[in-house]
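See below for the structure under consideration.
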Amino acid sequence: MLNIKEFLLTEYKISHETFRLGEEVEQNLKDAFEQIEKIKEFNFYKVLLAMKKIGLSDHHFNWTTGYGYSDLGREKIDALYATVFQTEDAIVRSSFANGTHVLGLCLKSLLNQGDGFLSVTGKPYDTLDELIGLKGNYQGSLINRGIDYKEIQFTKDGTLNFEEIKKALHRNPQTKMIYVQRSTGYTYRKALTIENIRAVVSLVKSIKPDIICMVDNCYGEFLETKEPSEVGVDVLAGSLIKNPGGGIALSGGYIAGKEWLIKQIAQEHTLPGIERECGLTFGQSRSLFQGLFLAPNIVSQAIKSAMFCGALFQKAGYEVKPEPLERRSDIIQSIRLGSKEKVLSFCEAIQAVAPVDAYVKPEPWDMPGYSHKVIMAAGTFIQGSSIELSADAPMKEPYIVYFQGGLDYAHGKIGALKALENVRNLII
């Protein structure tokens, strides 16, 4: 008879106590997991219907050469994302390098000299610092181009500071764009829910109706039954090696929004006059379609993995964010470990249960775009894929580790159990 407990205790060296704690956690999360399944099912039907609406066919998996004119797959993937996200238009490309690339492309395309740019969720990801002009000497930075950059910090209780946002908009009537980072990034806060985003969009539009509301949607797709574009956001962007790629997109990103904004972004991506008419898909169309088809289910596995990990470490006495049963709007689970040694030990455990490079010991390194060394455990089939099980952390106090992904809940579960076992056995 199959005995999972004995297998984990023997082969993965999980202790009786850690396994028992995991069983308690799963029982407590049973109702919450059922709710995640309902959200998954709704989002699956939404994606399936969108594929029917655009008339997807297997001939859209073919690809061209050279300039890539009349690439039917390229045109259909754009149409599919616009339909799923309920926007006027979208541009989806495997050639987008990463999430930062698509976010930066939006900013460079839509902001000009004299415009105000207001980030209402504090400073964006560190990888955007040089583009904004917060560090480095990039001559083409937003600040060097004469764009007025301001940021509003969250309140002490971690909520959007509506009063300061209103003051900032009144101080600078030239503010052209507000920027919302939905996910936590390397901060210790909750991700913004769709209702949070609806509230801030409603506020800024009441003050300045023509303002562009942009959302960094990385890590947030399919966490809820609506997307930011359904609550008034003008343009949003994300990475295909996170949620919407479903674990099989090899690379890329998407941008969805109002038609005139996507047109400007497409011009910046290539050139005016060429826009989206050129550019090969290199045979990746089928993976992009199938990845989006799988995405609602894959995201549900990642959410359940994050909930289990958070609840497990909270049971063991650690501070976690979000709380296990709190409403989630990204796939990231933050755990405040409190020491460098515990972060290293946690990440070593995640790497040790990876399907790829399990023998590797992750080490902190100078990751491009970050001001501190970063450790990343990611034995993934696709390099850097955050929808696959991974963990990372900037090596700085208070030593918070960020756990995310898991193409299958069982993988997230064993990762969390092994991480706790490692941390508990650590002698400092």
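In the structure tokens, the first chain shown is A, the next is B, and so on; residue numbers restart at 1 for each chain, and ligands run from 1 in the order shown.
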Using only C-alpha atoms, what does the table of segment 283-310 of chain A residues within 8 Å of segment 27-50 of chain A look like, with each row giving the shortest atom pair and its distance in Å to one decimal, sorted by chain and ascending number, as JSON lines?
```
{"residue": "A:Leu292", "atom": "CA", "partner": "A:Val47", "partner_atom": "CA", "distance": 7.4}
{"residue": "A:Phe293", "atom": "CA", "partner": "A:Val47", "partner_atom": "CA", "distance": 6.3}
{"residue": "A:Leu294", "atom": "CA", "partner": "A:Phe44", "partner_atom": "CA", "distance": 8.0}
{"residue": "A:Pro296", "atom": "CA", "partner": "A:Lys40", "partner_atom": "CA", "distance": 5.2}
{"residue": "A:Asn297", "atom": "CA", "partner": "A:Lys40", "partner_atom": "CA", "distance": 5.9}
{"residue": "A:Val299", "atom": "CA", "partner": "A:Lys40", "partner_atom": "CA", "distance": 7.8}
{"residue": "A:Ser300", "atom": "CA", "partner": "A:Lys40", "partner_atom": "CA", "distance": 6.0}
{"residue": "A:Ile303", "atom": "CA", "partner": "A:Ile36", "partner_atom": "CA", "distance": 7.8}
{"residue": "A:Lys304", "atom": "CA", "partner": "A:Phe33", "partner_atom": "CA", "distance": 6.5}
{"residue": "A:Met307", "atom": "CA", "partner": "A:Leu29", "partner_atom": "CA", "distance": 7.9}
{"residue": "A:Phe308", "atom": "CA", "partner": "A:Leu29", "partner_atom": "CA", "distance": 7.6}
```
For the interface of segment 201-304 of chain A with segment 155-178 of chain A (cut-off 6 Å, counting only C-alpha atoms), please tabulate each contacting residue of segment 201-304 of chain A alongside its nearest pair of atoms and their separation in Å to one decimal, rows sorted by chain and increasing number, as CSV.
```
residue,atom,partner,partner_atom,distance
A:Ile211,CA,A:Lys176,CA,5.2
A:Ile212,CA,A:Met177,CA,4.6
A:Cys213,CA,A:Ile178,CA,5.2
```
Contact table segment 156-189 of chain A vs segment 394-413 of chain A, cut-off 10 Å, shortest pair per residue, only C-alpha atoms, as a tab-separated table:
```
residue	atom	partner	partner_atom	distance
A:Thr184	CA	A:Tyr402	CA	9.7
A:Gly185	CA	A:Tyr402	CA	8.8
A:Tyr186	CA	A:Pro394	CA	7.6
A:Thr187	CA	A:Ile400	CA	8.9
A:Tyr188	CA	A:Ile400	CA	8.0
```
### Query
Which polymer residues have any atom within 10 Å of an atom of His269 of chain A, counting only C-alpha atoms, with same-chain residues fewer than 3 positions away left out, as a PyMOL selection string?
chain A and resi 91+96+102+105-106+108-109+263-266+272+274-276
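Secondary structure of segment 16-184 of chain A, strand (DSSP E) only (DSSP, backbone atoms): Asp89, Ala90, Ile91, Val92, Arg93, Gly116, Phe117, Leu118, Ser119, Asp148, Tyr149, Lys150, Glu151, Thr175, Lys176, Met177, Ile178, Tyr179, Val180 and Gln181 of chain A.
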Please produce a file of the residues just selected, as a PDB file, in the first residue's frame, where the atoms kept are C-alpha atoms.
```
ATOM      1  CA  ASP A  89      -5.656  45.765 -27.947  1.00  0.00           C
ATOM      2  CA  ALA A  90      -2.569  43.852 -26.841  1.00  0.00           C
ATOM      3  CA  ILE A  91       0.946  43.064 -27.961  1.00  0.00           C
ATOM      4  CA  VAL A  92       2.522  39.737 -26.947  1.00  0.00           C
ATOM      5  CA  ARG A  93       6.044  38.782 -27.976  1.00  0.00           C
ATOM      6  CA  GLY A 116       4.639  63.897 -14.497  1.00  0.00           C
ATOM      7  CA  PHE A 117       5.055  60.238 -13.537  1.00  0.00           C
ATOM      8  CA  LEU A 118       3.656  59.232 -10.156  1.00  0.00           C
ATOM      9  CA  SER A 119       4.267  55.813  -8.629  1.00  0.00           C
ATOM     10  CA  ASP A 148       9.044  64.607 -13.266  1.00  0.00           C
ATOM     11  CA  TYR A 149       9.175  61.415 -11.185  1.00  0.00           C
ATOM     12  CA  LYS A 150       7.517  61.197  -7.775  1.00  0.00           C
ATOM     13  CA  GLU A 151       6.564  58.271  -5.557  1.00  0.00           C
ATOM     14  CA  THR A 175       1.018  64.291 -14.122  1.00  0.00           C
ATOM     15  CA  LYS A 176       0.376  62.084 -17.136  1.00  0.00           C
ATOM     16  CA  MET A 177       0.618  58.634 -15.569  1.00  0.00           C
ATOM     17  CA  ILE A 178       0.143  56.877 -12.287  1.00  0.00           C
ATOM     18  CA  TYR A 179       2.007  53.616 -11.834  1.00  0.00           C
ATOM     19  CA  VAL A 180       0.733  50.745  -9.702  1.00  0.00           C
ATOM     20  CA  GLN A 181       2.869  47.738  -8.790  1.00  0.00           C
TER      21      GLN A 181
END
```
### Message
List the spatial neighbours of Met51 of chain A as a list in words - criterion: any atom at most 12 Å away, only C-alpha atoms, same-chain residues fewer than 6 positions off excluded.
### Response
Phe44, Tyr45, Ser57, Asp58, His60, Lys76, Ile77, Asp78, Ala79, Leu80, Tyr81, Ala82, Thr83, Val84, Phe289, Gln290, Leu292 and Phe293 of chain A
Taking N, CA and C atoms for each residue, export the selection above as a PDB file, in the first residue's frame.
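Saved result, result.pdb, follows:
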```pdb
ATOM      1  N   PHE A  44     -10.509  29.492 -16.025  1.00  0.00           N
ATOM      2  CA  PHE A  44     -10.336  28.540 -17.127  1.00  0.00           C
ATOM      3  C   PHE A  44     -11.433  28.729 -18.170  1.00  0.00           C
ATOM      4  N   TYR A  45     -12.678  28.836 -17.728  1.00  0.00           N
ATOM      5  CA  TYR A  45     -13.783  29.022 -18.667  1.00  0.00           C
ATOM      6  C   TYR A  45     -13.619  30.341 -19.423  1.00  0.00           C
ATOM      7  N   SER A  57      -7.165  28.231 -34.418  1.00  0.00           N
ATOM      8  CA  SER A  57      -7.042  27.006 -35.231  1.00  0.00           C
ATOM      9  C   SER A  57      -5.591  26.548 -35.227  1.00  0.00           C
ATOM     10  N   ASP A  58      -5.361  25.292 -35.573  1.00  0.00           N
ATOM     11  CA  ASP A  58      -3.982  24.798 -35.544  1.00  0.00           C
ATOM     12  C   ASP A  58      -3.096  25.464 -36.585  1.00  0.00           C
ATOM     13  N   HIS A  60      -2.732  28.471 -36.843  1.00  0.00           N
ATOM     14  CA  HIS A  60      -2.136  29.629 -36.175  1.00  0.00           C
ATOM     15  C   HIS A  60      -0.855  29.256 -35.428  1.00  0.00           C
ATOM     16  N   LYS A  76      -3.028  36.409 -33.781  1.00  0.00           N
ATOM     17  CA  LYS A  76      -4.032  35.764 -32.938  1.00  0.00           C
ATOM     18  C   LYS A  76      -3.665  35.807 -31.455  1.00  0.00           C
ATOM     19  N   ILE A  77      -2.372  35.707 -31.136  1.00  0.00           N
ATOM     20  CA  ILE A  77      -2.005  35.750 -29.718  1.00  0.00           C
ATOM     21  C   ILE A  77      -2.271  37.139 -29.154  1.00  0.00           C
ATOM     22  N   ASP A  78      -2.052  38.176 -29.979  1.00  0.00           N
ATOM     23  CA  ASP A  78      -2.406  39.535 -29.548  1.00  0.00           C
ATOM     24  C   ASP A  78      -3.907  39.635 -29.294  1.00  0.00           C
ATOM     25  N   ALA A  79      -4.693  39.087 -30.222  1.00  0.00           N
ATOM     26  CA  ALA A  79      -6.152  39.138 -30.089  1.00  0.00           C
ATOM     27  C   ALA A  79      -6.628  38.352 -28.870  1.00  0.00           C
ATOM     28  N   LEU A  80      -5.962  37.220 -28.607  1.00  0.00           N
ATOM     29  CA  LEU A  80      -6.369  36.399 -27.463  1.00  0.00           C
ATOM     30  C   LEU A  80      -6.143  37.130 -26.146  1.00  0.00           C
ATOM     31  N   TYR A  81      -4.987  37.747 -25.982  1.00  0.00           N
ATOM     32  CA  TYR A  81      -4.711  38.473 -24.737  1.00  0.00           C
ATOM     33  C   TYR A  81      -5.660  39.660 -24.570  1.00  0.00           C
ATOM     34  N   ALA A  82      -5.958  40.351 -25.660  1.00  0.00           N
ATOM     35  CA  ALA A  82      -6.902  41.468 -25.575  1.00  0.00           C
ATOM     36  C   ALA A  82      -8.278  40.966 -25.148  1.00  0.00           C
ATOM     37  N   THR A  83      -8.664  39.792 -25.615  1.00  0.00           N
ATOM     38  CA  THR A  83      -9.972  39.227 -25.266  1.00  0.00           C
ATOM     39  C   THR A  83     -10.005  38.766 -23.814  1.00  0.00           C
ATOM     40  N   VAL A  84      -8.974  38.052 -23.380  1.00  0.00           N
ATOM     41  CA  VAL A  84      -8.926  37.558 -21.994  1.00  0.00           C
ATOM     42  C   VAL A  84      -8.885  38.718 -21.003  1.00  0.00           C
ATOM     43  N   PHE A 289      -0.081  29.983 -26.780  1.00  0.00           N
ATOM     44  CA  PHE A 289      -1.508  29.657 -26.681  1.00  0.00           C
ATOM     45  C   PHE A 289      -1.752  28.602 -25.598  1.00  0.00           C
ATOM     46  N   GLN A 290      -0.981  27.540 -25.656  1.00  0.00           N
ATOM     47  CA  GLN A 290      -1.194  26.445 -24.703  1.00  0.00           C
ATOM     48  C   GLN A 290      -0.830  26.885 -23.283  1.00  0.00           C
ATOM     49  N   LEU A 292      -1.223  29.870 -21.963  1.00  0.00           N
ATOM     50  CA  LEU A 292      -2.345  30.645 -21.429  1.00  0.00           C
ATOM     51  C   LEU A 292      -3.520  29.730 -21.098  1.00  0.00           C
ATOM     52  N   PHE A 293      -3.719  28.701 -21.912  1.00  0.00           N
ATOM     53  CA  PHE A 293      -4.774  27.721 -21.655  1.00  0.00           C
ATOM     54  C   PHE A 293      -4.557  27.019 -20.308  1.00  0.00           C
TER      55      PHE A 293
END
```
### Filtered DSSP result for segment 1-164 of chain A, state helix (DSSP H, G or I), as a ChimeraX atom specification
/A:4-11,16-28,30-54,58-61,72-84,99-110,126-132,162-164
